[in-house]
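The data block below is upload09.cif; it holds mmCIF, C-alpha atoms.
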```
data_coords
loop_
_atom_site.label_atom_id
_atom_site.label_comp_id
_atom_site.auth_asym_id
_atom_site.auth_seq_id
_atom_site.Cartn_x
_atom_site.Cartn_y
_atom_site.Cartn_z
CA MET A 1 0.00 0.00 0.00
CA MET A 2 1.28 3.45 -0.96
CA ILE A 3 2.22 6.14 1.52
CA GLY A 4 0.38 9.47 1.16
CA GLU A 5 2.58 12.00 -0.67
CA LYS A 6 1.93 14.93 1.67
CA ILE A 7 2.50 12.81 4.79
CA LYS A 8 5.71 11.44 3.26
CA LYS A 9 7.00 14.96 2.65
CA LEU A 10 6.78 15.83 6.35
CA LEU A 11 7.88 12.40 7.58
CA ILE A 12 11.12 12.65 5.64
CA ASN A 13 12.89 15.92 6.19
CA GLU A 14 13.99 16.51 2.63
CA GLU A 15 17.06 18.50 3.59
CA THR A 16 18.67 15.66 5.53
CA SER A 17 18.94 11.92 4.95
CA LEU A 18 17.21 9.34 7.12
CA VAL A 19 20.36 7.26 6.90
CA LYS A 20 23.16 7.57 9.47
CA PRO A 21 26.15 6.90 7.21
CA ALA A 22 28.46 3.91 7.78
CA GLU A 23 31.42 6.00 8.96
CA GLN A 24 29.35 7.29 11.89
CA VAL A 25 28.17 3.85 13.04
CA ALA A 26 30.06 1.68 15.55
CA VAL A 27 30.69 -1.78 14.03
CA VAL A 28 32.71 -4.91 14.84
CA GLY A 29 34.67 -7.23 12.57
CA ILE A 30 33.48 -10.79 12.05
CA LYS A 31 36.84 -12.15 13.26
CA ASN A 32 36.98 -9.97 16.39
CA ARG A 33 36.74 -11.85 19.67
CA LEU A 34 33.74 -11.43 21.96
CA ASN A 35 35.77 -9.47 24.53
CA HIS A 36 36.41 -6.79 21.91
CA ALA A 37 32.70 -6.69 20.98
CA LEU A 38 31.71 -6.50 24.65
CA LEU A 39 34.05 -3.54 25.17
CA LEU A 40 32.55 -1.73 22.18
CA LEU A 41 28.99 -2.43 23.30
CA THR A 42 29.87 -1.05 26.72
CA THR A 43 30.98 2.30 25.33
CA ASP A 44 28.51 2.57 22.43
CA LYS A 45 24.99 3.76 23.09
CA TYR A 46 23.38 0.98 21.06
CA ALA A 47 22.71 -2.46 22.51
CA VAL A 48 23.30 -4.09 19.14
CA VAL A 49 25.96 -3.35 16.49
CA PRO A 50 26.49 -4.47 12.87
CA VAL A 51 29.14 -7.10 12.13
CA LEU A 52 31.19 -6.56 8.94
CA ASP A 53 33.73 -8.72 7.11
CA ASP A 54 37.20 -7.49 6.05
CA HIS A 55 35.71 -5.85 2.94
CA SER A 56 32.96 -3.98 4.87
CA LYS A 57 30.24 -6.33 3.71
CA MET A 58 27.34 -6.72 6.11
CA CYS A 59 27.36 -10.12 7.88
CA GLY A 60 25.06 -9.88 10.90
CA LEU A 61 24.35 -8.26 14.25
CA ILE A 62 25.91 -8.84 17.65
CA SER A 63 24.26 -7.83 20.94
CA MET A 64 25.28 -7.82 24.56
CA PRO A 65 22.59 -10.37 25.52
CA THR A 66 23.89 -12.73 22.79
CA ILE A 67 27.43 -12.42 24.17
CA MET A 68 26.27 -13.07 27.73
CA GLN A 69 24.14 -16.05 26.68
CA THR A 70 27.15 -17.49 24.87
CA ILE A 71 29.36 -17.52 27.96
CA MET A 72 26.66 -18.61 30.43
CA ASP A 73 25.51 -22.08 31.28
CA ILE A 74 23.07 -23.21 34.00
CA GLU A 75 25.77 -23.19 36.65
CA ASP A 76 28.09 -20.32 35.89
CA VAL A 77 29.25 -17.45 33.67
CA HIS A 78 32.47 -18.38 31.89
CA PHE A 79 34.10 -15.03 31.27
CA GLU A 80 37.36 -16.68 30.21
CA LYS A 81 35.60 -17.74 26.99
CA LEU A 82 35.27 -14.09 25.86
CA GLY A 83 38.80 -14.10 24.45
CA GLU A 84 38.33 -17.42 22.63
CA ILE A 85 35.13 -17.04 20.61
CA GLU A 86 34.86 -15.03 17.38
CA VAL A 87 31.92 -12.68 16.76
CA GLY A 88 31.11 -14.54 13.54
CA GLU A 89 30.43 -17.74 15.46
CA VAL A 90 27.52 -16.35 17.46
CA MET A 91 26.22 -13.26 15.61
CA ASP A 92 22.63 -13.07 14.39
CA ARG A 93 22.70 -13.53 10.61
CA ASN A 94 19.03 -12.72 10.30
CA TYR A 95 19.30 -8.90 10.33
CA PRO A 96 16.72 -6.40 9.01
CA TYR A 97 17.92 -4.43 5.98
CA VAL A 98 16.88 -2.33 3.02
CA PHE A 99 18.76 -1.39 -0.14
CA GLU A 100 19.83 2.20 -0.84
CA ASN A 101 16.83 2.83 -3.11
CA TYR A 102 14.48 1.68 -0.32
CA GLU A 103 10.74 2.29 -0.16
CA LEU A 104 9.71 4.21 2.95
CA GLU A 105 6.97 1.66 3.74
CA ASP A 106 9.55 -1.11 4.09
CA VAL A 107 11.53 1.04 6.52
CA LEU A 108 8.44 1.82 8.61
CA ASN A 109 7.30 -1.79 8.75
CA ARG A 110 10.67 -3.16 9.82
CA LEU A 111 11.20 -0.44 12.45
CA VAL A 112 8.09 -1.55 14.36
CA HIS A 113 10.07 -4.67 15.31
CA HIS A 114 13.71 -3.49 15.22
CA ALA A 115 15.52 -0.58 16.92
CA PHE A 116 17.35 0.13 13.65
CA ILE A 117 17.62 -1.35 10.18
CA THR A 118 20.77 -1.59 8.09
CA VAL A 119 21.16 -0.09 4.63
CA ILE A 120 23.26 -2.11 2.16
CA ASP A 121 24.07 -1.75 -1.53
CA ASP A 122 23.45 -4.34 -4.26
CA GLU A 123 26.66 -6.16 -3.41
CA GLY A 124 25.98 -6.29 0.32
CA PHE A 125 28.36 -3.50 1.36
CA PHE A 126 27.31 -1.74 4.56
CA LYS A 127 26.15 1.82 3.87
CA GLY A 128 24.61 2.87 7.19
CA ILE A 129 21.58 2.50 9.43
CA ILE A 130 18.11 4.04 9.80
CA THR A 131 17.04 4.39 13.43
CA ARG A 132 13.64 4.68 15.08
CA SER A 133 14.76 8.02 16.42
CA GLU A 134 14.91 9.55 12.92
CA ILE A 135 11.36 8.40 12.14
CA LEU A 136 10.16 9.71 15.52
CA LYS A 137 11.45 13.15 14.50
CA GLY A 138 9.27 12.88 11.40
CA THR A 139 6.28 11.75 13.46
CA ASN A 140 6.80 14.83 15.61
CA ARG A 141 6.80 17.08 12.54
CA ILE A 142 3.60 15.50 11.24
CA ALA A 143 1.89 15.71 14.61
CA HIS A 144 2.66 19.40 15.03
CA GLU A 145 2.67 20.78 11.50
CA PHE A 146 0.39 18.75 9.24
CA GLU A 147 -2.99 20.23 10.18
CA ARG A 148 -1.40 23.67 10.42
CA LYS A 149 -0.16 23.44 6.83
CA TYR A 150 -3.05 21.57 5.26
CA GLU A 151 -6.79 21.80 5.31
CA VAL A 152 -8.10 18.34 6.12
CA LYS A 153 -11.59 17.10 5.27
CA GLU A 154 -13.09 13.66 5.76
CA LYS A 155 -13.63 11.97 2.39
CA GLU A 156 -17.34 11.55 1.78
CA ALA A 157 -17.13 8.23 0.00
CA ILE A 158 -15.80 6.50 3.09
CA THR A 159 -18.62 5.89 5.55
CA HIS A 160 -17.32 3.42 8.11
CA MET B 1 2.33 23.53 20.25
CA MET B 2 -0.85 21.47 19.86
CA ILE B 3 -1.03 18.22 17.95
CA GLY B 4 -3.55 18.08 15.07
CA GLU B 5 -6.73 16.29 16.17
CA LYS B 6 -7.10 14.11 13.07
CA ILE B 7 -3.44 13.11 13.10
CA LYS B 8 -3.70 12.30 16.81
CA LYS B 9 -6.68 10.04 16.19
CA LEU B 10 -4.66 7.85 13.82
CA LEU B 11 -1.43 8.08 15.80
CA ILE B 12 -3.14 6.68 18.89
CA ASN B 13 -5.14 3.58 18.15
CA GLU B 14 -8.14 4.36 20.31
CA GLU B 15 -8.98 0.74 20.95
CA THR B 16 -5.70 -0.05 22.66
CA SER B 17 -3.49 1.85 25.09
CA LEU B 18 -0.05 3.17 24.20
CA VAL B 19 1.11 2.04 27.62
CA LYS B 20 2.56 -1.41 28.20
CA PRO B 21 1.30 -2.05 31.75
CA ALA B 22 3.70 -2.55 34.67
CA GLU B 23 2.91 -6.24 35.09
CA GLN B 24 4.18 -6.93 31.55
CA VAL B 25 7.48 -5.06 31.99
CA ALA B 26 10.68 -6.69 33.27
CA VAL B 27 12.02 -4.71 36.25
CA VAL B 28 14.71 -5.07 38.93
CA GLY B 29 14.64 -4.17 42.61
CA ILE B 30 16.85 -1.37 43.89
CA LYS B 31 18.50 -3.73 46.39
CA ASN B 32 19.16 -6.49 43.85
CA ARG B 33 22.82 -7.13 43.12
CA LEU B 34 24.28 -6.42 39.69
CA ASN B 35 24.62 -10.14 38.87
CA HIS B 36 20.84 -10.48 39.16
CA ALA B 37 20.29 -7.43 36.93
CA LEU B 38 22.81 -8.75 34.38
CA LEU B 39 20.97 -12.07 34.24
CA LEU B 40 17.65 -10.31 33.66
CA LEU B 41 19.11 -8.05 30.95
CA THR B 42 20.51 -11.12 29.24
CA THR B 43 17.12 -12.77 28.91
CA ASP B 44 15.00 -9.63 28.40
CA LYS B 45 14.79 -8.04 24.98
CA TYR B 46 15.40 -4.53 26.28
CA ALA B 47 18.88 -3.17 26.92
CA VAL B 48 17.62 -1.07 29.82
CA VAL B 49 15.08 -1.90 32.56
CA PRO B 50 13.32 0.14 35.24
CA VAL B 51 14.53 -0.08 38.85
CA LEU B 52 11.80 -0.12 41.53
CA ASP B 53 11.90 0.06 45.33
CA ASP B 54 10.11 -2.42 47.62
CA HIS B 55 6.84 -0.52 47.19
CA SER B 56 7.00 -0.47 43.36
CA LYS B 57 7.98 3.17 43.24
CA MET B 58 10.10 4.16 40.25
CA CYS B 59 13.74 4.84 41.21
CA GLY B 60 15.82 4.77 38.02
CA LEU B 61 17.06 2.74 35.08
CA ILE B 62 19.80 0.13 34.85
CA SER B 63 21.47 -0.91 31.59
CA MET B 64 23.98 -3.54 30.59
CA PRO B 65 26.59 -0.93 29.57
CA THR B 66 26.26 0.70 33.01
CA ILE B 67 26.84 -2.66 34.70
CA MET B 68 29.87 -3.40 32.53
CA GLN B 69 31.34 0.06 33.07
CA THR B 70 30.94 -0.42 36.83
CA ILE B 71 33.04 -3.59 36.93
CA MET B 72 35.69 -2.46 34.40
CA ASP B 73 38.80 -0.45 35.01
CA ILE B 74 41.61 0.37 32.57
CA GLU B 75 43.32 -2.94 33.20
CA ASP B 76 40.66 -5.54 33.73
CA VAL B 77 37.00 -6.54 34.08
CA HIS B 78 36.24 -7.43 37.70
CA PHE B 79 33.35 -9.85 37.39
CA GLU B 80 33.63 -10.81 41.06
CA LYS B 81 32.19 -7.39 41.91
CA LEU B 82 28.84 -8.29 40.31
CA GLY B 83 27.68 -10.02 43.49
CA GLU B 84 28.76 -7.19 45.76
CA ILE B 85 27.23 -4.05 44.25
CA GLU B 86 23.54 -3.12 44.55
CA VAL B 87 21.59 -1.83 41.53
CA GLY B 88 20.67 1.32 43.47
CA GLU B 89 24.33 2.32 43.75
CA VAL B 90 24.90 2.66 40.01
CA MET B 91 21.46 3.09 38.36
CA ASP B 92 20.64 6.18 36.31
CA ARG B 93 18.30 8.32 38.41
CA ASN B 94 17.68 10.70 35.53
CA TYR B 95 15.00 8.68 33.71
CA PRO B 96 12.43 10.02 31.22
CA TYR B 97 8.85 9.82 32.48
CA VAL B 98 5.31 11.10 32.05
CA PHE B 99 2.33 10.98 34.39
CA GLU B 100 -0.74 8.88 33.59
CA ASN B 101 -2.65 11.88 32.22
CA TYR B 102 0.24 12.64 29.84
CA GLU B 103 0.10 14.92 26.81
CA LEU B 104 0.99 13.11 23.59
CA GLU B 105 3.48 15.85 22.60
CA ASP B 106 5.56 15.15 25.73
CA VAL B 107 5.67 11.47 24.83
CA LEU B 108 6.74 12.18 21.24
CA ASN B 109 9.44 14.63 22.27
CA ARG B 110 11.01 12.34 24.85
CA LEU B 111 10.92 9.29 22.56
CA VAL B 112 13.21 11.01 20.03
CA HIS B 113 15.98 10.59 22.61
CA HIS B 114 14.89 7.51 24.61
CA ALA B 115 13.95 3.96 23.55
CA PHE B 116 11.05 4.04 26.03
CA ILE B 117 9.64 6.37 28.66
CA THR B 118 8.18 5.34 31.99
CA VAL B 119 4.66 6.17 33.13
CA ILE B 120 4.25 6.93 36.84
CA ASP B 121 1.35 8.12 38.99
CA ASP B 122 1.27 11.22 41.21
CA GLU B 123 3.01 9.37 44.03
CA GLY B 124 5.76 7.96 41.82
CA PHE B 125 4.42 4.40 41.55
CA PHE B 126 5.49 2.63 38.36
CA LYS B 127 2.52 2.12 36.00
CA GLY B 128 4.22 0.97 32.78
CA ILE B 129 6.20 2.13 29.76
CA ILE B 130 5.54 3.66 26.34
CA THR B 131 7.92 2.35 23.67
CA ARG B 132 9.04 3.76 20.34
CA SER B 133 7.58 0.67 18.73
CA GLU B 134 4.00 1.66 19.71
CA ILE B 135 4.43 5.12 18.19
CA LEU B 136 5.96 3.58 15.05
CA LYS B 137 2.75 1.55 14.64
CA GLY B 138 0.86 4.85 14.71
CA THR B 139 3.25 6.43 12.21
CA ASN B 140 2.56 3.46 9.94
CA ARG B 141 -1.20 3.99 10.22
CA ILE B 142 -0.84 7.70 9.42
CA ALA B 143 1.48 7.02 6.49
CA HIS B 144 -0.87 4.49 4.90
CA GLU B 145 -4.33 5.68 5.86
CA PHE B 146 -4.40 9.44 6.38
CA GLU B 147 -4.61 10.60 2.78
CA ARG B 148 -6.95 7.72 1.98
CA LYS B 149 -9.39 8.83 4.68
CA TYR B 150 -9.02 12.58 4.37
CA GLU B 151 -8.98 15.10 1.58
CA VAL B 152 -5.89 17.25 2.09
CA LYS B 153 -5.47 20.73 0.65
CA GLU B 154 -2.62 23.19 1.18
CA LYS B 155 -3.79 26.14 3.27
CA GLU B 156 -3.80 29.29 1.15
CA ALA B 157 -2.70 31.65 3.90
CA ILE B 158 0.63 29.90 4.22
CA THR B 159 2.90 30.91 1.37
CA HIS B 160 6.42 29.83 2.34
#
```
Let's see the structure in the file written out as C-alpha cells.
Amino acid sequence: MMIGEKIKKLLINEETSLVKPAEQVAVVGIKNRLNHALLLLTTDKYAVVPVLDDHSKMCGLISMPTIMQTIMDIEDVHFEKLGEIEVGEVMDRNYPYVFENYELEDVLNRLVHHAFITVIDDEGFFKGIITRSEILKGTNRIAHEFERKYEVKEKEAITH
Amino acid sequence: MMIGEKIKKLLINEETSLVKPAEQVAVVGIKNRLNHALLLLTTDKYAVVPVLDDHSKMCGLISMPTIMQTIMDIEDVHFEKLGEIEVGEVMDRNYPYVFENYELEDVLNRLVHHAFITVIDDEGFFKGIITRSEILKGTNRIAHEFERKYEVKEKEAITH
C-alpha cells in the first residue's frame, strides 16, 4: 500500500537523509573476539551493532545479551571464553535491511520490530543505518505541523 | 504547540493503550545485586530496565553498559564485583517519564531521545512504559491511511 505523498514529505525531512552513514556507526569485525565486541557495546549507546567482514560487507548483528548467553551455562558465567570465541560464530545472521533505493513503507514496517535497520548496496556493502529516532522526528513534525499546513476534510465516499 | 486532532486520532489507536502495563514489563529491585540485573538483561529483549523500590515506586534505570562500566577499570574486568554491588548504587536516576494523564506531545518529544519512557502516577508508583515501537505503529497507520481517509489541501494563507 502506498504512503500518502503529503504525509511522506513531512515524515522525511527533505534536507537531511534518514540514513546515518556507515562512517558514523560503531561496528565490529566478524573475526573480532567477543571481549572486543563487549568492550565496544559497553561504550557505544546501542545495545546491538552491525558485524562486517574485512571488505565492509554486512554479515550480521551482535548484541550484549547474545554475548552473555554465549558464555553462560546453567551453573556459571564463563568469562574466560570471551577471548576465545569469534563474533562470527555467534552473531545473528538474520538482520533487518533495506537497499539504498528503499521504499519508505519497508523502513516503517521493519522499524516496528527493530531498533534500527541496516542499509546495504546491491553487493551487500554496509552503507549505514536508519534508526527509530529519525522516524520519531518525522512523526513529531507530522503531529505538530500537518494540520497547520493543510486543510483536512473527511472523504465523503468513506462511511465506516 | 498542539497536535492536530485528526493526526492524533490515527497516531493513537483508540482501541488499545499506548502504555505497556507494569505487570508486563521486566524490572529489577533497587536492592538487587548487579549479577541479578545482568541475568535479567541477558534474557530480556530490552537493553535497559526500570529499577523499583520495595513498594513499586520508580527509582531509576539500569542498563547492561552501566553494569559493565561499573566492573571495568583500565586494566581488567572485575566480574567478582557483580555479586557485591547493589543496583541502586549505580542506576541512572535521571529517567524520562510522564504521568498517567500525559500529553501526547511530551511522549513524542522524549521518545526522540529515549527507547522508552516510563509512566508513573502522582506518588511515583510505576505504572508501565511507552515504547518507540508503539508510536511507530501509529506512524505506519498515518502514512498508509491518512490521505486515503481525508482530503488534504494546502492552506492558502501559508505561502512559504
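Between atom CA of Ile117 of chain A and atom CA of Leu41 of chain B the separation is 21.9 Å.
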**Message:** Contacts from chain B to chain A, 6 Å maximum, all atoms listed in the file: show me the residue list as JSON, numbers by chain.
**Reply:** {"B": [3, 4, 42, 47, 65, 112, 133, 136, 143, 144, 147, 149, 150, 151, 152, 153, 154, 155]}
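For the pair atom CA of Thr118 of chain A and atom CA of Ile130 of chain B, the interatomic distance is 24.3 Å.
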Superposed chain B (ref. Chain A, all C-alpha pairs in order) as an mmCIF file with C-alpha atoms, keeping the file's coordinate frame:
```cif
data_model
loop_
_atom_site.group_PDB
_atom_site.id
_atom_site.type_symbol
_atom_site.label_atom_id
_atom_site.label_comp_id
_atom_site.auth_asym_id
_atom_site.auth_seq_id
_atom_site.Cartn_x
_atom_site.Cartn_y
_atom_site.Cartn_z
ATOM 1 C CA MET B 1 -0.082 0.028 0.002
ATOM 2 C CA MET B 2 1.251 3.460 -0.976
ATOM 3 C CA ILE B 3 2.205 6.133 1.511
ATOM 4 C CA GLY B 4 0.391 9.489 1.177
ATOM 5 C CA GLU B 5 2.586 12.011 -0.652
ATOM 6 C CA LYS B 6 1.953 14.933 1.706
ATOM 7 C CA ILE B 7 2.504 12.807 4.799
ATOM 8 C CA LYS B 8 5.709 11.432 3.274
ATOM 9 C CA LYS B 9 7.011 14.938 2.652
ATOM 10 C CA LEU B 10 6.786 15.793 6.354
ATOM 11 C CA LEU B 11 7.866 12.364 7.571
ATOM 12 C CA ILE B 12 11.120 12.620 5.627
ATOM 13 C CA ASN B 13 12.883 15.896 6.194
ATOM 14 C CA GLU B 14 14.003 16.514 2.639
ATOM 15 C CA GLU B 15 17.052 18.494 3.640
ATOM 16 C CA THR B 16 18.659 15.656 5.555
ATOM 17 C CA SER B 17 18.927 11.918 4.961
ATOM 18 C CA LEU B 18 17.201 9.325 7.121
ATOM 19 C CA VAL B 19 20.359 7.251 6.904
ATOM 20 C CA LYS B 20 23.135 7.563 9.460
ATOM 21 C CA PRO B 21 26.155 6.899 7.216
ATOM 22 C CA ALA B 22 28.455 3.911 7.782
ATOM 23 C CA GLU B 23 31.396 6.005 8.960
ATOM 24 C CA GLN B 24 29.321 7.289 11.904
ATOM 25 C CA VAL B 25 28.152 3.837 13.043
ATOM 26 C CA ALA B 26 30.053 1.680 15.547
ATOM 27 C CA VAL B 27 30.695 -1.769 14.035
ATOM 28 C CA VAL B 28 32.713 -4.903 14.847
ATOM 29 C CA GLY B 29 34.680 -7.208 12.573
ATOM 30 C CA ILE B 30 33.500 -10.772 12.055
ATOM 31 C CA LYS B 31 36.853 -12.126 13.267
ATOM 32 C CA ASN B 32 36.976 -9.949 16.390
ATOM 33 C CA ARG B 33 36.736 -11.849 19.656
ATOM 34 C CA LEU B 34 33.741 -11.422 21.947
ATOM 35 C CA ASN B 35 35.772 -9.464 24.529
ATOM 36 C CA HIS B 36 36.400 -6.782 21.901
ATOM 37 C CA ALA B 37 32.697 -6.676 20.975
ATOM 38 C CA LEU B 38 31.706 -6.494 24.660
ATOM 39 C CA LEU B 39 34.041 -3.541 25.170
ATOM 40 C CA LEU B 40 32.548 -1.728 22.180
ATOM 41 C CA LEU B 41 28.968 -2.416 23.315
ATOM 42 C CA THR B 42 29.860 -1.049 26.728
ATOM 43 C CA THR B 43 30.956 2.304 25.357
ATOM 44 C CA ASP B 44 28.480 2.576 22.457
ATOM 45 C CA LYS B 45 24.952 3.759 23.103
ATOM 46 C CA TYR B 46 23.362 0.978 21.074
ATOM 47 C CA ALA B 47 22.686 -2.463 22.512
ATOM 48 C CA VAL B 48 23.312 -4.090 19.140
ATOM 49 C CA VAL B 49 25.956 -3.336 16.478
ATOM 50 C CA PRO B 50 26.494 -4.466 12.890
ATOM 51 C CA VAL B 51 29.141 -7.107 12.140
ATOM 52 C CA LEU B 52 31.194 -6.562 8.958
ATOM 53 C CA ASP B 53 33.746 -8.708 7.125
ATOM 54 C CA ASP B 54 37.202 -7.463 6.072
ATOM 55 C CA HIS B 55 35.714 -5.830 2.972
ATOM 56 C CA SER B 56 32.965 -3.961 4.883
ATOM 57 C CA LYS B 57 30.263 -6.322 3.722
ATOM 58 C CA MET B 58 27.349 -6.726 6.123
ATOM 59 C CA CYS B 59 27.372 -10.124 7.878
ATOM 60 C CA GLY B 60 25.067 -9.890 10.902
ATOM 61 C CA LEU B 61 24.364 -8.262 14.242
ATOM 62 C CA ILE B 62 25.913 -8.836 17.654
ATOM 63 C CA SER B 63 24.264 -7.815 20.931
ATOM 64 C CA MET B 64 25.294 -7.814 24.558
ATOM 65 C CA PRO B 65 22.604 -10.366 25.517
ATOM 66 C CA THR B 66 23.899 -12.709 22.791
ATOM 67 C CA ILE B 67 27.437 -12.406 24.158
ATOM 68 C CA MET B 68 26.281 -13.059 27.718
ATOM 69 C CA GLN B 69 24.148 -16.027 26.684
ATOM 70 C CA THR B 70 27.162 -17.485 24.863
ATOM 71 C CA ILE B 71 29.370 -17.514 27.960
ATOM 72 C CA MET B 72 26.657 -18.599 30.442
ATOM 73 C CA ASP B 73 25.519 -22.073 31.293
ATOM 74 C CA ILE B 74 23.080 -23.171 34.008
ATOM 75 C CA GLU B 75 25.780 -23.135 36.651
ATOM 76 C CA ASP B 76 28.119 -20.296 35.885
ATOM 77 C CA VAL B 77 29.249 -17.417 33.659
ATOM 78 C CA HIS B 78 32.471 -18.352 31.866
ATOM 79 C CA PHE B 79 34.101 -14.997 31.243
ATOM 80 C CA GLU B 80 37.358 -16.660 30.197
ATOM 81 C CA LYS B 81 35.613 -17.714 26.982
ATOM 82 C CA LEU B 82 35.280 -14.080 25.852
ATOM 83 C CA GLY B 83 38.803 -14.103 24.426
ATOM 84 C CA GLU B 84 38.356 -17.401 22.623
ATOM 85 C CA ILE B 85 35.146 -17.023 20.615
ATOM 86 C CA GLU B 86 34.879 -15.014 17.380
ATOM 87 C CA VAL B 87 31.929 -12.668 16.765
ATOM 88 C CA GLY B 88 31.120 -14.532 13.540
ATOM 89 C CA GLU B 89 30.435 -17.741 15.465
ATOM 90 C CA VAL B 90 27.525 -16.346 17.470
ATOM 91 C CA MET B 91 26.222 -13.256 15.602
ATOM 92 C CA ASP B 92 22.631 -13.072 14.379
ATOM 93 C CA ARG B 93 22.716 -13.536 10.605
ATOM 94 C CA ASN B 94 19.031 -12.721 10.290
ATOM 95 C CA TYR B 95 19.301 -8.913 10.325
ATOM 96 C CA PRO B 96 16.720 -6.430 8.994
ATOM 97 C CA TYR B 97 17.924 -4.465 5.972
ATOM 98 C CA VAL B 98 16.887 -2.346 3.007
ATOM 99 C CA PHE B 99 18.769 -1.409 -0.148
ATOM 100 C CA GLU B 100 19.835 2.179 -0.832
ATOM 101 C CA ASN B 101 16.841 2.819 -3.102
ATOM 102 C CA TYR B 102 14.483 1.662 -0.327
ATOM 103 C CA GLU B 103 10.740 2.263 -0.179
ATOM 104 C CA LEU B 104 9.700 4.182 2.931
ATOM 105 C CA GLU B 105 6.946 1.637 3.723
ATOM 106 C CA ASP B 106 9.551 -1.139 4.068
ATOM 107 C CA VAL B 107 11.508 1.005 6.504
ATOM 108 C CA LEU B 108 8.420 1.791 8.596
ATOM 109 C CA ASN B 109 7.287 -1.822 8.727
ATOM 110 C CA ARG B 110 10.651 -3.194 9.807
ATOM 111 C CA LEU B 111 11.191 -0.480 12.434
ATOM 112 C CA VAL B 112 8.079 -1.592 14.353
ATOM 113 C CA HIS B 113 10.064 -4.701 15.300
ATOM 114 C CA HIS B 114 13.705 -3.513 15.194
ATOM 115 C CA ALA B 115 15.508 -0.605 16.897
ATOM 116 C CA PHE B 116 17.343 0.108 13.627
ATOM 117 C CA ILE B 117 17.624 -1.382 10.158
ATOM 118 C CA THR B 118 20.774 -1.604 8.082
ATOM 119 C CA VAL B 119 21.163 -0.108 4.619
ATOM 120 C CA ILE B 120 23.267 -2.123 2.165
ATOM 121 C CA ASP B 121 24.085 -1.765 -1.530
ATOM 122 C CA ASP B 122 23.468 -4.345 -4.269
ATOM 123 C CA GLU B 123 26.683 -6.172 -3.414
ATOM 124 C CA GLY B 124 25.984 -6.288 0.319
ATOM 125 C CA PHE B 125 28.372 -3.506 1.369
ATOM 126 C CA PHE B 126 27.317 -1.750 4.572
ATOM 127 C CA LYS B 127 26.154 1.828 3.867
ATOM 128 C CA GLY B 128 24.609 2.860 7.203
ATOM 129 C CA ILE B 129 21.561 2.490 9.430
ATOM 130 C CA ILE B 130 18.097 4.020 9.790
ATOM 131 C CA THR B 131 17.021 4.359 13.428
ATOM 132 C CA ARG B 132 13.619 4.641 15.065
ATOM 133 C CA SER B 133 14.734 7.986 16.422
ATOM 134 C CA GLU B 134 14.900 9.532 12.909
ATOM 135 C CA ILE B 135 11.362 8.379 12.121
ATOM 136 C CA LEU B 136 10.158 9.674 15.504
ATOM 137 C CA LYS B 137 11.456 13.123 14.498
ATOM 138 C CA GLY B 138 9.267 12.853 11.400
ATOM 139 C CA THR B 139 6.270 11.722 13.449
ATOM 140 C CA ASN B 140 6.797 14.811 15.600
ATOM 141 C CA ARG B 141 6.802 17.069 12.535
ATOM 142 C CA ILE B 142 3.599 15.469 11.224
ATOM 143 C CA ALA B 143 1.898 15.688 14.614
ATOM 144 C CA HIS B 144 2.675 19.384 15.039
ATOM 145 C CA GLU B 145 2.679 20.761 11.516
ATOM 146 C CA PHE B 146 0.395 18.750 9.246
ATOM 147 C CA GLU B 147 -2.957 20.232 10.204
ATOM 148 C CA ARG B 148 -1.376 23.675 10.444
ATOM 149 C CA LYS B 149 -0.134 23.457 6.854
ATOM 150 C CA TYR B 150 -3.019 21.574 5.296
ATOM 151 C CA GLU B 151 -6.772 21.809 5.331
ATOM 152 C CA VAL B 152 -8.079 18.335 6.141
ATOM 153 C CA LYS B 153 -11.574 17.138 5.298
ATOM 154 C CA GLU B 154 -13.074 13.676 5.767
ATOM 155 C CA LYS B 155 -13.624 12.005 2.398
ATOM 156 C CA GLU B 156 -17.346 11.624 1.749
ATOM 157 C CA ALA B 157 -17.123 8.284 -0.022
ATOM 158 C CA ILE B 158 -15.822 6.595 3.094
ATOM 159 C CA THR B 159 -18.658 6.003 5.523
ATOM 160 C CA HIS B 160 -17.380 3.521 8.112
#
```
**Request:** Between atom CA of Thr16 of chain B and atom CA of Pro96 of chain B, measure the distance and give it in Å to one decimal.
**Result:** 22.4 Å
**Item:** Shell of 7 Å around Leu82 of chain A, all atoms listed in the file, local chain residues under 3 positions omitted, as number ranges by chain
**Value:** A: 33-35, 79, 85
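With distances taken over all atoms listed in the file, A:Pro50 is the one residue among A:Ile120, A:Glu89, A:Pro50, A:Phe125 lying closest to Val25 of chain A.
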**Asked** So which residues touch Leu52 of chain A within 10 Å, counting only C-alpha atoms, skipping near sequence neighbours fewer than 6 positions away, as a list of chain:residue names?
**Response** A:Val27, A:Val28, A:Gly29, A:Ile30, A:Lys31, A:Met58, A:Cys59, A:Gly60, A:Leu61, A:Val87, A:Gly88, A:Phe125, A:Phe126
Is it possible to get the axis-aligned box enclosing segment 7-10 of chain B (all listed atoms, 5 Å extra per side) as lines of an AutoDock Vina configuration file, with centre and edge lengths in Å rounded to one decimal?
```
center_x = -5.1
center_y = 10.5
center_z = 15.0
size_x = 13.2
size_y = 15.3
size_z = 13.7
```
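Take the candidates B:Gly124, B:Ile74, B:Ile12, B:Val49 and check each one against Glu103 of chain B using all atoms listed in the file; the shortest distance goes to B:Ile12.
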